[in-house]
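Peer 1: One file is attached below, work_32.cif, containing mmCIF, C-alpha atoms and all ligand atoms.
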data_query
loop_
_atom_site.label_atom_id
_atom_site.label_comp_id
_atom_site.auth_asym_id
_atom_site.auth_seq_id
_atom_site.Cartn_x
_atom_site.Cartn_y
_atom_site.Cartn_z
CA MET A 1 -67.25 -63.19 96.47
CA THR A 2 -70.17 -60.80 96.39
CA THR A 3 -72.05 -59.31 99.27
CA PRO A 4 -75.84 -59.52 99.21
CA ALA A 5 -76.02 -55.72 99.05
CA ALA A 6 -74.00 -55.68 95.84
CA THR A 7 -76.15 -58.29 94.10
CA PRO A 8 -79.03 -56.87 92.06
CA ALA A 9 -82.38 -58.32 93.10
CA ARG A 10 -83.27 -61.11 90.65
CA ASP A 11 -86.87 -59.97 90.21
CA SER A 12 -86.13 -56.25 89.58
CA PRO A 13 -84.33 -55.97 86.25
CA ALA A 14 -82.99 -52.61 85.16
CA PRO A 15 -85.71 -50.55 83.48
CA PRO A 16 -85.47 -50.46 79.69
CA PRO A 17 -83.69 -47.40 78.31
CA ALA A 18 -85.89 -44.41 77.56
CA ARG A 19 -86.59 -44.18 73.83
CA THR A 20 -86.01 -40.58 72.81
CA LEU A 21 -86.58 -38.98 69.42
CA VAL A 22 -84.56 -35.85 68.70
CA THR A 23 -85.61 -33.95 65.58
CA GLY A 24 -82.86 -31.71 64.27
CA GLY A 25 -80.43 -33.89 66.26
CA ALA A 26 -77.55 -33.22 63.87
CA GLY A 27 -77.85 -29.49 64.48
CA PHE A 28 -76.03 -27.31 66.95
CA ILE A 29 -78.17 -27.75 70.08
CA GLY A 30 -79.46 -31.17 68.99
CA SER A 31 -76.04 -32.80 68.71
CA HIS A 32 -75.01 -31.70 72.21
CA LEU A 33 -78.31 -33.03 73.55
CA VAL A 34 -77.90 -36.36 71.76
CA GLU A 35 -74.51 -36.86 73.41
CA ARG A 36 -76.02 -36.23 76.82
CA LEU A 37 -78.99 -38.54 76.26
CA LEU A 38 -76.74 -41.38 75.07
CA ALA A 39 -74.48 -40.89 78.07
CA ALA A 40 -77.56 -41.16 80.29
CA GLY A 41 -78.42 -44.53 78.68
CA ASP A 42 -81.27 -43.52 76.36
CA ALA A 43 -81.94 -45.20 73.05
CA VAL A 44 -81.85 -42.17 70.77
CA THR A 45 -83.33 -41.72 67.30
CA VAL A 46 -82.23 -38.64 65.38
CA VAL A 47 -84.16 -37.31 62.40
CA ASP A 48 -82.38 -34.64 60.38
CA ASP A 49 -82.45 -33.50 56.77
CA PHE A 50 -79.02 -31.84 57.11
CA SER A 51 -80.35 -28.56 55.79
CA THR A 52 -78.37 -26.74 58.47
CA GLY A 53 -77.19 -29.74 60.49
CA ARG A 54 -73.87 -31.50 59.86
CA SER A 55 -72.83 -35.13 60.17
CA ASP A 56 -69.59 -33.92 61.83
CA ASN A 57 -71.69 -32.71 64.75
CA LEU A 58 -72.45 -36.34 65.62
CA ALA A 59 -68.87 -37.57 65.06
CA ALA A 60 -68.30 -38.23 68.78
CA VAL A 61 -71.25 -40.65 68.91
CA ALA A 62 -71.08 -42.13 65.39
CA GLY A 63 -71.56 -45.88 65.58
CA HIS A 64 -72.97 -45.74 69.12
CA PRO A 65 -75.11 -48.88 69.52
CA SER A 66 -78.02 -46.90 71.02
CA LEU A 67 -78.11 -44.24 68.27
CA SER A 68 -80.25 -44.50 65.14
CA LEU A 69 -79.93 -41.80 62.52
CA VAL A 70 -82.77 -41.22 60.06
CA THR A 71 -81.76 -38.87 57.28
CA GLY A 72 -84.63 -37.04 55.65
CA ASP A 73 -87.34 -34.49 55.92
CA LEU A 74 -89.24 -34.76 59.19
CA SER A 75 -92.77 -34.87 57.71
CA ALA A 76 -91.87 -37.65 55.29
CA THR A 77 -90.12 -39.58 58.05
CA LEU A 78 -93.05 -39.45 60.48
CA THR A 79 -95.37 -41.01 57.92
CA GLY A 80 -92.62 -43.25 56.51
CA SER A 81 -89.88 -45.04 58.40
CA LEU A 82 -91.09 -43.92 61.86
CA ALA A 83 -94.79 -44.52 61.23
CA SER A 84 -94.94 -47.56 63.50
CA SER A 85 -92.30 -46.51 66.05
CA THR A 86 -93.05 -45.40 69.58
CA PHE A 87 -91.04 -43.09 71.84
CA ASP A 88 -91.16 -42.17 75.51
CA ARG A 89 -90.14 -38.62 74.76
CA VAL A 90 -89.55 -36.33 71.84
CA VAL A 91 -87.39 -33.22 71.63
CA HIS A 92 -88.50 -31.24 68.59
CA LEU A 93 -85.64 -28.97 67.53
CA ALA A 94 -85.88 -29.25 63.74
CA ALA A 95 -86.69 -25.88 62.25
CA ALA A 96 -85.61 -23.26 59.80
CA VAL A 97 -83.56 -21.32 62.30
CA GLY A 98 -83.03 -17.63 62.68
CA VAL A 99 -84.24 -14.32 61.39
CA GLN A 100 -81.72 -14.12 58.54
CA LEU A 101 -82.90 -17.39 57.01
CA VAL A 102 -86.53 -16.34 57.16
CA VAL A 103 -85.70 -13.01 55.52
CA ASP A 104 -83.83 -14.82 52.73
CA ARG A 105 -86.19 -17.81 52.21
CA PRO A 106 -89.53 -16.92 53.81
CA ILE A 107 -91.88 -19.50 52.24
CA GLU A 108 -89.63 -22.44 53.01
CA CYS A 109 -89.04 -21.24 56.57
CA ILE A 110 -92.64 -20.48 57.41
CA GLU A 111 -93.86 -23.80 56.01
CA THR A 112 -91.12 -25.80 57.73
CA ASN A 113 -91.68 -24.23 61.12
CA VAL A 114 -95.47 -24.41 61.15
CA PHE A 115 -96.37 -27.57 59.22
CA GLN A 116 -93.63 -29.81 60.66
CA THR A 117 -94.50 -28.88 64.21
CA ALA A 118 -98.20 -29.48 63.54
CA GLU A 119 -97.40 -32.95 62.20
CA MET A 120 -94.97 -33.64 65.03
CA LEU A 121 -97.55 -32.83 67.70
CA ARG A 122 -100.19 -35.06 66.10
CA TYR A 123 -97.61 -37.84 65.89
CA CYS A 124 -96.71 -37.46 69.58
CA ARG A 125 -100.33 -37.98 70.64
CA THR A 126 -100.33 -41.60 69.48
CA HIS A 127 -96.68 -42.64 69.31
CA GLY A 128 -95.86 -42.75 73.01
CA PRO A 129 -95.69 -45.86 75.21
CA GLY A 130 -98.48 -48.31 74.32
CA GLY A 131 -99.80 -46.02 71.59
CA GLY A 132 -100.57 -43.23 74.09
CA PRO A 133 -98.91 -39.82 74.20
CA ALA A 134 -95.16 -39.18 74.27
CA THR A 135 -93.74 -36.36 76.37
CA VAL A 136 -92.65 -33.65 73.94
CA LEU A 137 -90.46 -30.56 74.21
CA ILE A 138 -91.07 -27.89 71.57
CA ALA A 139 -88.21 -25.49 70.74
CA SER A 140 -89.40 -21.91 70.62
CA SER A 141 -87.45 -18.67 70.65
CA SER A 142 -87.03 -15.37 72.46
CA GLU A 143 -88.09 -13.92 69.10
CA VAL A 144 -91.72 -14.60 70.10
CA TYR A 145 -91.55 -11.54 72.37
CA GLY A 146 -91.12 -9.49 69.20
CA LYS A 147 -90.22 -5.86 69.73
CA SER A 148 -91.72 -5.57 73.18
CA GLU A 149 -89.76 -3.00 75.20
CA ARG A 150 -90.24 -4.73 78.52
CA THR A 151 -87.17 -5.86 80.43
CA PRO A 152 -86.77 -8.63 81.33
CA PHE A 153 -89.11 -10.75 79.19
CA SER A 154 -91.39 -12.93 81.31
CA GLU A 155 -93.20 -15.91 79.87
CA ASP A 156 -96.68 -14.41 80.28
CA ASP A 157 -95.81 -10.98 78.85
CA ASP A 158 -97.67 -9.57 75.86
CA VAL A 159 -95.90 -9.92 72.53
CA VAL A 160 -95.47 -7.03 70.07
CA TYR A 161 -94.84 -7.62 66.38
CA GLY A 162 -94.20 -5.38 63.41
CA PRO A 163 -96.35 -5.45 60.27
CA THR A 164 -96.68 -8.51 58.05
CA THR A 165 -94.93 -6.58 55.28
CA LYS A 166 -91.69 -6.94 57.27
CA ALA A 167 -90.54 -10.53 56.73
CA ARG A 168 -88.37 -10.68 59.85
CA TRP A 169 -91.46 -10.95 62.09
CA SER A 170 -92.61 -14.12 60.36
CA TYR A 171 -90.00 -16.15 62.26
CA ALA A 172 -91.50 -14.96 65.55
CA ALA A 173 -94.98 -15.67 64.26
CA THR A 174 -94.10 -19.25 63.25
CA LYS A 175 -92.69 -19.98 66.67
CA ALA A 176 -95.74 -18.41 68.31
CA ILE A 177 -98.04 -20.63 66.22
CA ASP A 178 -95.96 -23.65 67.31
CA GLU A 179 -96.54 -22.63 70.92
CA TYR A 180 -100.29 -22.15 70.42
CA LEU A 181 -100.50 -25.57 68.80
CA ALA A 182 -98.54 -27.34 71.53
CA LEU A 183 -100.62 -25.72 74.27
CA ALA A 184 -103.83 -26.62 72.43
CA HIS A 185 -102.78 -30.27 72.13
CA HIS A 186 -102.02 -30.22 75.84
CA ARG A 187 -105.40 -28.72 76.74
CA GLU A 188 -107.59 -30.67 74.31
CA HIS A 189 -105.82 -34.03 74.33
CA GLY A 190 -103.68 -34.05 77.47
CA LEU A 191 -100.46 -34.16 75.43
CA PRO A 192 -97.53 -33.67 77.86
CA ALA A 193 -95.93 -30.84 75.89
CA VAL A 194 -93.46 -28.33 77.31
CA ILE A 195 -92.25 -25.21 75.48
CA VAL A 196 -88.77 -23.75 75.74
CA ARG A 197 -87.94 -20.24 74.53
CA PHE A 198 -84.21 -20.23 73.81
CA PHE A 199 -82.34 -16.93 74.24
CA ASN A 200 -79.15 -16.78 72.14
CA THR A 201 -77.67 -20.20 72.77
CA VAL A 202 -74.01 -20.32 71.76
CA GLY A 203 -71.05 -22.70 71.80
CA PRO A 204 -68.94 -25.06 69.76
CA ARG A 205 -70.59 -26.36 66.51
CA GLN A 206 -72.77 -23.29 65.99
CA VAL A 207 -71.99 -21.87 62.58
CA GLY A 208 -72.07 -18.31 61.35
CA ASP A 209 -73.50 -19.08 57.92
CA TYR A 210 -77.06 -18.13 58.80
CA GLY A 211 -76.30 -14.88 60.56
CA MET A 212 -75.50 -16.19 64.06
CA VAL A 213 -73.49 -13.40 65.56
CA LEU A 214 -71.00 -15.07 67.88
CA PRO A 215 -69.57 -17.75 65.57
CA ARG A 216 -69.37 -15.10 62.83
CA PHE A 217 -67.36 -12.82 65.08
CA VAL A 218 -65.07 -15.68 66.13
CA GLU A 219 -64.47 -16.73 62.52
CA LEU A 220 -63.61 -13.16 61.51
CA ALA A 221 -61.41 -12.59 64.56
CA LEU A 222 -59.44 -15.74 63.77
CA GLU A 223 -58.83 -14.33 60.28
CA GLY A 224 -57.93 -10.90 61.61
CA LYS A 225 -60.79 -9.36 59.59
CA PRO A 226 -63.06 -6.55 60.81
CA LEU A 227 -65.98 -7.57 63.04
CA ARG A 228 -69.05 -5.95 61.52
CA VAL A 229 -71.48 -4.70 64.15
CA HIS A 230 -74.87 -3.58 62.89
CA GLY A 231 -76.17 -0.17 63.90
CA ASP A 232 -74.45 1.61 66.78
CA GLY A 233 -73.75 -1.65 68.61
CA THR A 234 -75.54 -0.63 71.81
CA GLN A 235 -78.21 -3.31 71.33
CA VAL A 236 -78.12 -5.75 74.24
CA ARG A 237 -78.32 -9.55 74.22
CA CYS A 238 -77.66 -12.39 76.69
CA PHE A 239 -75.63 -15.39 75.54
CA CYS A 240 -75.83 -18.81 77.17
CA ASP A 241 -73.49 -21.73 76.52
CA VAL A 242 -75.16 -24.78 74.99
CA ARG A 243 -73.46 -26.93 77.65
CA ASP A 244 -75.53 -25.08 80.27
CA VAL A 245 -78.68 -25.33 78.15
CA VAL A 246 -78.59 -29.07 77.42
CA PRO A 247 -78.88 -30.35 81.03
CA ALA A 248 -81.93 -28.10 81.41
CA LEU A 249 -83.55 -29.59 78.29
CA HIS A 250 -82.85 -33.06 79.65
CA LYS A 251 -84.61 -32.24 82.92
CA LEU A 252 -87.58 -30.55 81.24
CA VAL A 253 -88.33 -33.43 78.88
CA GLY A 254 -87.62 -36.03 81.56
CA SER A 255 -90.81 -35.34 83.51
CA THR A 256 -94.46 -34.73 82.75
CA ALA A 257 -94.54 -32.24 85.64
CA PHE A 258 -93.74 -29.39 83.22
CA ALA A 259 -96.48 -30.21 80.71
CA GLY A 260 -98.48 -27.26 79.41
CA ARG A 261 -95.88 -24.75 80.58
CA VAL A 262 -93.62 -22.26 78.79
CA PHE A 263 -90.05 -21.60 79.99
CA ASN A 264 -87.44 -19.02 79.09
CA LEU A 265 -84.03 -20.69 78.82
CA GLY A 266 -80.81 -18.72 78.59
CA SER A 267 -78.53 -16.42 80.49
CA ASP A 268 -79.61 -13.10 81.97
CA VAL A 269 -76.15 -11.54 81.81
CA GLU A 270 -76.39 -8.64 79.37
CA VAL A 271 -73.76 -7.62 76.84
CA THR A 272 -73.90 -5.03 74.07
CA ILE A 273 -73.00 -6.27 70.60
CA THR A 274 -70.04 -3.87 70.47
CA ASN A 275 -68.78 -5.30 73.76
CA LEU A 276 -69.36 -8.82 72.45
CA ALA A 277 -67.11 -8.00 69.50
CA ARG A 278 -64.49 -6.55 71.85
CA ALA A 279 -64.72 -9.63 74.11
CA VAL A 280 -64.08 -11.89 71.11
CA ILE A 281 -61.06 -9.84 70.03
CA ALA A 282 -59.67 -9.85 73.58
CA ALA A 283 -60.31 -13.55 74.27
CA LEU A 284 -58.59 -14.59 71.04
CA GLY A 285 -55.84 -11.95 71.07
CA SER A 286 -56.97 -10.98 67.56
CA ARG A 287 -55.75 -7.98 65.55
CA SER A 288 -59.29 -7.43 64.20
CA ILE A 289 -61.06 -4.11 64.55
CA VAL A 290 -64.75 -3.38 65.17
CA GLU A 291 -66.66 -1.83 62.26
CA HIS A 292 -70.17 -0.40 62.45
CA VAL A 293 -72.49 -1.08 59.53
CA PRO A 294 -75.92 0.53 59.13
CA TYR A 295 -78.83 -1.91 59.33
CA ASP A 296 -80.09 -0.89 55.90
CA GLN A 297 -76.77 -1.85 54.36
CA ALA A 298 -76.74 -5.22 56.12
CA PHE A 299 -80.35 -6.27 55.75
CA GLY A 300 -81.98 -3.97 53.23
CA PRO A 301 -84.25 -1.00 53.88
CA GLY A 302 -86.56 -0.90 56.90
CA PHE A 303 -85.06 -3.76 58.93
CA GLU A 304 -86.23 -3.58 62.56
CA ASP A 305 -83.97 -4.80 65.35
CA LEU A 306 -84.58 -5.09 69.06
CA ARG A 307 -82.72 -2.89 71.50
CA ARG A 308 -82.66 -5.21 74.44
CA ARG A 309 -83.48 -8.83 75.09
CA ARG A 310 -83.05 -10.37 78.53
CA PRO A 311 -84.99 -13.33 79.96
CA ASP A 312 -86.74 -13.43 83.29
CA LEU A 313 -85.38 -16.71 84.63
CA ARG A 314 -87.47 -16.99 87.80
CA ARG A 315 -89.80 -19.64 86.41
CA ILE A 316 -87.08 -22.01 85.21
CA GLN A 317 -85.00 -21.44 88.32
CA GLU A 318 -87.96 -22.45 90.43
CA ALA A 319 -88.79 -25.47 88.27
CA ILE A 320 -85.36 -27.03 87.80
CA ALA A 321 -82.91 -24.78 89.70
CA PHE A 322 -81.40 -23.59 86.42
CA THR A 323 -78.30 -21.40 86.72
CA PRO A 324 -75.85 -20.97 83.83
CA THR A 325 -72.21 -21.32 84.87
CA ILE A 326 -70.01 -21.12 81.79
CA PRO A 327 -68.47 -17.64 81.27
CA LEU A 328 -68.62 -16.01 77.84
CA ASP A 329 -64.84 -15.86 77.35
CA ARG A 330 -64.60 -19.63 77.81
CA THR A 331 -67.38 -20.13 75.26
CA ILE A 332 -65.55 -17.84 72.82
CA ARG A 333 -62.28 -19.75 73.20
CA ASP A 334 -64.04 -23.12 72.84
CA ILE A 335 -65.84 -21.99 69.66
CA ALA A 336 -62.49 -20.85 68.25
CA GLU A 337 -60.81 -24.12 69.18
CA HIS A 338 -63.63 -26.07 67.56
CA ILE A 339 -63.34 -24.07 64.33
CA GLN A 340 -59.59 -24.50 64.21
CA THR A 341 -59.67 -28.20 65.08
CA ASN A 342 -62.28 -29.01 62.50
CA GLN A 343 -60.84 -26.85 59.75
CA ARG A 344 -64.31 -25.74 58.85
CA GLY A 345 -66.59 -22.83 59.48
CA MET A 346 -64.02 -20.84 57.53
CA PRO A 347 -65.06 -17.23 57.07
CA ARG A 348 -67.27 -16.29 54.16
CA PRO A 349 -66.50 -12.97 52.40
CA ALA A 350 -66.61 -10.30 55.08
CA GLY A 351 -68.64 -7.89 52.98
CA GLY A 352 -71.65 -10.16 52.39
CA ARG A 353 -75.17 -9.39 53.58
CA ASN A 354 -74.93 -12.17 56.16
CA ALA A 355 -71.71 -10.91 57.68
CA GLY A 356 -72.82 -10.67 61.28
CA SER A 357 -76.20 -10.49 62.88
CA PRO A 358 -77.94 -8.05 65.14
CA THR A 359 -80.01 -10.65 66.89
CA ARG A 360 -78.60 -14.14 66.98
N1 LIG A 401 -79.44 -21.44 68.82
C1 LIG A 401 -80.23 -20.50 69.32
O1 LIG A 401 -79.77 -19.51 69.87
C2 LIG A 401 -81.73 -20.63 69.23
C3 LIG A 401 -82.48 -19.52 69.63
C4 LIG A 401 -83.86 -19.61 69.55
C5 LIG A 401 -84.46 -20.79 69.13
N2 LIG A 401 -83.69 -21.84 68.75
C6 LIG A 401 -84.39 -23.05 68.30
O2 LIG A 401 -83.71 -24.22 68.72
C7 LIG A 401 -83.82 -25.23 67.72
C8 LIG A 401 -82.44 -25.75 67.36
O3 LIG A 401 -81.66 -24.67 66.85
P1 LIG A 401 -80.11 -24.79 66.52
O4 LIG A 401 -79.51 -23.50 66.94
O5 LIG A 401 -79.55 -26.06 67.03
O6 LIG A 401 -80.14 -24.76 64.93
P2 LIG A 401 -79.62 -25.80 63.85
O7 LIG A 401 -79.90 -25.18 62.52
O8 LIG A 401 -78.22 -26.19 64.12
O9 LIG A 401 -80.57 -27.05 64.09
C9 LIG A 401 -81.76 -27.29 63.39
C10 LIG A 401 -81.67 -28.70 62.83
O10 LIG A 401 -82.92 -29.05 62.23
C11 LIG A 401 -82.65 -29.71 60.99
N3 LIG A 401 -83.84 -29.53 60.15
C12 LIG A 401 -84.36 -28.37 59.68
N4 LIG A 401 -85.46 -28.61 58.95
C13 LIG A 401 -85.66 -29.95 58.99
C14 LIG A 401 -86.64 -30.82 58.42
N5 LIG A 401 -87.63 -30.33 57.67
N6 LIG A 401 -86.54 -32.14 58.64
C15 LIG A 401 -85.53 -32.65 59.39
N7 LIG A 401 -84.56 -31.88 59.94
C16 LIG A 401 -84.64 -30.55 59.74
C17 LIG A 401 -81.40 -29.01 60.47
O11 LIG A 401 -80.69 -29.76 59.50
C18 LIG A 401 -80.60 -28.84 61.75
O12 LIG A 401 -79.80 -29.97 62.01
C19 LIG A 401 -84.60 -24.61 66.57
O13 LIG A 401 -85.96 -24.97 66.66
C20 LIG A 401 -84.44 -23.13 66.79
O14 LIG A 401 -85.51 -22.37 66.26
C21 LIG A 401 -82.35 -21.79 68.78
#
Kindly return the structure encoded in the file as structure tokens.

Peer 2:
Amino acid sequence: MTTPAATPARDSPAPPPARTLVTGGAGFIGSHLVERLLAAGDAVTVVDDFSTGRSDNLAAVAGHPSLSLVTGDLSATLTGSLASSTFDRVVHLAAAVGVQLVVDRPIECIETNVFQTAEMLRYCRTHGPGGGPATVLIASSSEVYGKSERTPFSEDDDVVYGPTTKARWSYAATKAIDEYLALAHHREHGLPAVIVRFFNTVGPRQVGDYGMVLPRFVELALEGKPLRVHGDGTQVRCFCDVRDVVPALHKLVGSTAFAGRVFNLGSDVEVTITNLARAVIAALGSRSIVEHVPYDQAFGPGFEDLRRRRPDLRRIQEAIAFTPTIPLDRTIRDIAEHIQTNQRGMPRPAGGRNAGSPTR
């Protein structure tokens, strides 16, 4: 027997699931987001070329009836298999990620980050519901602040870059161009685009191969090898667990209320890189030691790093009541558990140029 209250009204069927495209969905942040979107009932399409993403990252949702995986380069996919698709919302995470990658392979990184975003934004204008615009979230980076010495970084602050002869600034410049483009599409065509500047997002599935500092430290600590800290180690960063970041992304792309706005997203709890290394050693009970390596030795002559990078979170707190909750030592232990469980992310030679990162 059912009560009238428990019976769904016959003329109000459940709304269709939101159709969400996640570019870079097999990557670190993307795969966590995909799991959340599927759990919320979305029909999710992932596009990934697996340049830095991994199929293992999507293992927990493999075969999910609401997940479609398109393997390939984003540009080719938008004009190919997704040319006649429409989406309610798009989360554009696909990118050549991180300063180390752009220093090593600058042409590929610059072209990927600028051209793919340009094509993505044009696509979003006409591939939303009924051929109108789709809501789109563009992944930017705290790198866009460059070497500004302000603390904390607020979204409307000036940015300060080094010369074009120093390749590391090109990553910041590509993300800044992405932002300019998204804001221009919003202004000129009413595209509901929101920009998120990630500050050192960390957690299980992030890999150390491309210079990301925390997974590198965890890998080395598990092996009992020295943790290589660049410079004197007093440079300050703020690390935020991806499981705090993903609900915020979900909220930001779930409404057009944030269109045309830029948000910092991360933690504002500061830690020096030396103390990060010590925290990893302590959390894992490792016998590793901390070693200091001059920047020149790690990155070549003239590498410029930033002393301090902390986000002003007032805007995002006001918009979506964002407050990170996961402590760093839990993140460290979960990264370690993930590495050990998956028998991957095994340490590369500790003496390589990529062994640790000052910034990521
Ligand atoms: N993790 C962080 O701390 C951080 C900080 C600042 C900005 N971001 C930004 O967040 C986004 C996601 O970063 P992440 O940390 O998850 O990195 P990630 O490398 O794990 O994810 C990027 C994904 O994009 C895919 N990809 C790259 N080029 C592609 C292409 N041409 N076509 C299709 N797929 C492609 C990769 O295979 C990968 O799966 C990026 O835009 C990055 O710049 C991340």

Peer 1: For atom C7 of ligand LIG 401 (chain A) and CA of Glu108 (chain A), quote the distance in Å rounded to one decimal.

Peer 2: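 Separating atom C7 of ligand LIG 401 (chain A) from CA of Glu108 (chain A) is a distance of 16.1 Å.
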
Peer 1: Sort by chain and increasing residue number a table of all residues of chain A within 6 Å of ligand LIG 401 (chain A), each with its closest pair of atoms and their distance in Å to one decimal, counting only C-alpha atoms and all ligand atoms, and write it as JSON lines.

Peer 2:
{"residue": "A:Gly24", "atom": "CA", "partner": "A:LIG401", "partner_atom": "O10", "distance": 3.4}
{"residue": "A:Gly25", "atom": "CA", "partner": "A:LIG401", "partner_atom": "O12", "distance": 5.8}
{"residue": "A:Ala26", "atom": "CA", "partner": "A:LIG401", "partner_atom": "O12", "distance": 4.4}
{"residue": "A:Gly27", "atom": "CA", "partner": "A:LIG401", "partner_atom": "O12", "distance": 3.2}
{"residue": "A:Phe28", "atom": "CA", "partner": "A:LIG401", "partner_atom": "O5", "distance": 3.7}
{"residue": "A:Ile29", "atom": "CA", "partner": "A:LIG401", "partner_atom": "O5", "distance": 3.8}
{"residue": "A:Gly30", "atom": "CA", "partner": "A:LIG401", "partner_atom": "O5", "distance": 5.5}
{"residue": "A:Val47", "atom": "CA", "partner": "A:LIG401", "partner_atom": "C15", "distance": 5.7}
{"residue": "A:Asp48", "atom": "CA", "partner": "A:LIG401", "partner_atom": "N7", "distance": 3.5}
{"residue": "A:Asp49", "atom": "CA", "partner": "A:LIG401", "partner_atom": "C15", "distance": 4.1}
{"residue": "A:Phe50", "atom": "CA", "partner": "A:LIG401", "partner_atom": "O11", "distance": 3.6}
{"residue": "A:Ser51", "atom": "CA", "partner": "A:LIG401", "partner_atom": "O11", "distance": 3.9}
{"residue": "A:Thr52", "atom": "CA", "partner": "A:LIG401", "partner_atom": "O11", "distance": 3.9}
{"residue": "A:Gly53", "atom": "CA", "partner": "A:LIG401", "partner_atom": "O12", "distance": 3.0}
{"residue": "A:Gly72", "atom": "CA", "partner": "A:LIG401", "partner_atom": "C15", "distance": 5.8}
{"residue": "A:Asp73", "atom": "CA", "partner": "A:LIG401", "partner_atom": "N6", "distance": 3.7}
{"residue": "A:Leu74", "atom": "CA", "partner": "A:LIG401", "partner_atom": "N6", "distance": 3.8}
{"residue": "A:Leu93", "atom": "CA", "partner": "A:LIG401", "partner_atom": "O13", "distance": 4.1}
{"residue": "A:Ala94", "atom": "CA", "partner": "A:LIG401", "partner_atom": "O10", "distance": 3.3}
{"residue": "A:Ala95", "atom": "CA", "partner": "A:LIG401", "partner_atom": "C12", "distance": 4.3}
{"residue": "A:Ala96", "atom": "CA", "partner": "A:LIG401", "partner_atom": "C12", "distance": 5.3}
{"residue": "A:Val97", "atom": "CA", "partner": "A:LIG401", "partner_atom": "O14", "distance": 4.5}
{"residue": "A:Thr112", "atom": "CA", "partner": "A:LIG401", "partner_atom": "N5", "distance": 5.7}
{"residue": "A:Ala139", "atom": "CA", "partner": "A:LIG401", "partner_atom": "O13", "distance": 4.7}
{"residue": "A:Ser140", "atom": "CA", "partner": "A:LIG401", "partner_atom": "C5", "distance": 5.3}
{"residue": "A:Ser141", "atom": "CA", "partner": "A:LIG401", "partner_atom": "C4", "distance": 3.9}
{"residue": "A:Phe198", "atom": "CA", "partner": "A:LIG401", "partner_atom": "C4", "distance": 4.3}
{"residue": "A:Phe199", "atom": "CA", "partner": "A:LIG401", "partner_atom": "C3", "distance": 5.3}
{"residue": "A:Asn200", "atom": "CA", "partner": "A:LIG401", "partner_atom": "O1", "distance": 3.6}
{"residue": "A:Thr201", "atom": "CA", "partner": "A:LIG401", "partner_atom": "O1", "distance": 3.6}

Peer 1: Work out where the centre of an axis-aligned box around every listed atom of region 311-317 of chain A lies and how long its edges are once 3 Å is added on each side; give both in Å to one decimal as JSON.

Peer 2:
{"center_x": -87.4, "center_y": -17.7, "center_z": 84.1, "size_x": 10.8, "size_y": 14.7, "size_z": 14.4}

Peer 1: Let me make sure I understand: among A:His185, A:Arg278, A:Arg309, A:Arg197, which one has the smallest atom-to-atom distance to Phe239 (chain A) if we use all atoms listed in the file?

Peer 2: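 Result for the nearest residue to Phe239 (chain A): A:Arg309.
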
Peer 1: If I take CA of Gly190 (chain A) and CA of Tyr123 (chain A), how far is one from the other in Å, to one decimal?

Peer 2: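 Taking CA of Gly190 (chain A) and CA of Tyr123 (chain A), their separation equals 13.6 Å.
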
Peer 1: From the list A:Arg287, A:Arg36, A:Arg125, A:His64, which residue is nearest Gly224 (chain A) when using only C-alpha atoms?

Peer 2: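 For Gly224 (chain A), the nearest of the candidates is A:Arg287.
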
Peer 1: Can you measure CA of Ile177 (chain A) to CA of Gly300 (chain A) for me? One decimal in Å is fine.

Peer 2: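 Taking CA of Ile177 (chain A) as the start and CA of Gly300 (chain A) as the end point, the length is 26.5 Å.
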
Peer 1: Please determine, counting only C-alpha atoms, which residue among A:Phe87, A:Phe153, A:Tyr161, A:Tyr171 has the shortest atom-to-atom distance to Cys109 (chain A).

Peer 2: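 Answer, going by the shortest atom-to-atom distance: A:Tyr171.
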
Peer 1: Any idea what's packed within 7 Å of Val280 (chain A), counting all atoms listed in the file, ignoring anything in its chain fewer than 4 positions away? Could you give it as a VMD selection string?

Peer 2: chain A and resid 217 to 218 276 284 332

Peer 1: For Pro192 (chain A), find every residue with an atom within 10 Å (counting all atoms listed in the file), except residues of its own chain fewer than 4 positions away, and show them as a PyMOL selection string.

Peer 2: chain A and resi 89+124-125+133-137+182-183+185-187+253+255-261

Peer 1: Determine the nearest neighbour of Pro17 (chain A) from the options A:Thr323, A:Thr151, A:Ser66, A:Thr165, counting all atoms listed in the file.

Peer 2: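 Looking at the shortest contact to Pro17 (chain A), the residue is A:Ser66.
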
Peer 1: With distances taken over all atoms listed in the file, which residue among A:Ile107, A:Ala319, A:Leu181, A:Leu33 lies nearest Val242 (chain A)?

Peer 2: A:Leu33

Peer 1: Could you pull the residues within 12 Å of Thr164 (chain A), counting all atoms listed in the file, minus those fewer than 6 positions along the same chain, as a PyMOL selection string?

Peer 2: chain A and resi 106+170-173

Peer 1: So, with only C-alpha atoms as the atoms that count, which of A:Asp334, A:Asp56, A:Asp88, A:Glu318 lies closest to Ala43 (chain A)?

Peer 2: A:Asp88

Peer 1: Can you pull out the residues contacting region 303-305 of chain A? Cut-off 10 Å, using only C-alpha atoms, and skip same-chain residues under 2 positions away; I want them as a PyMOL selection string.

Peer 2: chain A and resi 103+146-147+162+166-169+230-231+235+295-301+307-308+357-359

Peer 1: Can you list, as a list in words, every protein, DNA or RNA residue that comes within 10 Å of His292 (chain A) when you count all atoms listed in the file, leaving out same-chain residues fewer than 5 positions away?

Peer 2: Pro226, Leu227, Arg228, Val229, His230, Gly231, Asp232, Gly233 and Thr274 of chain A
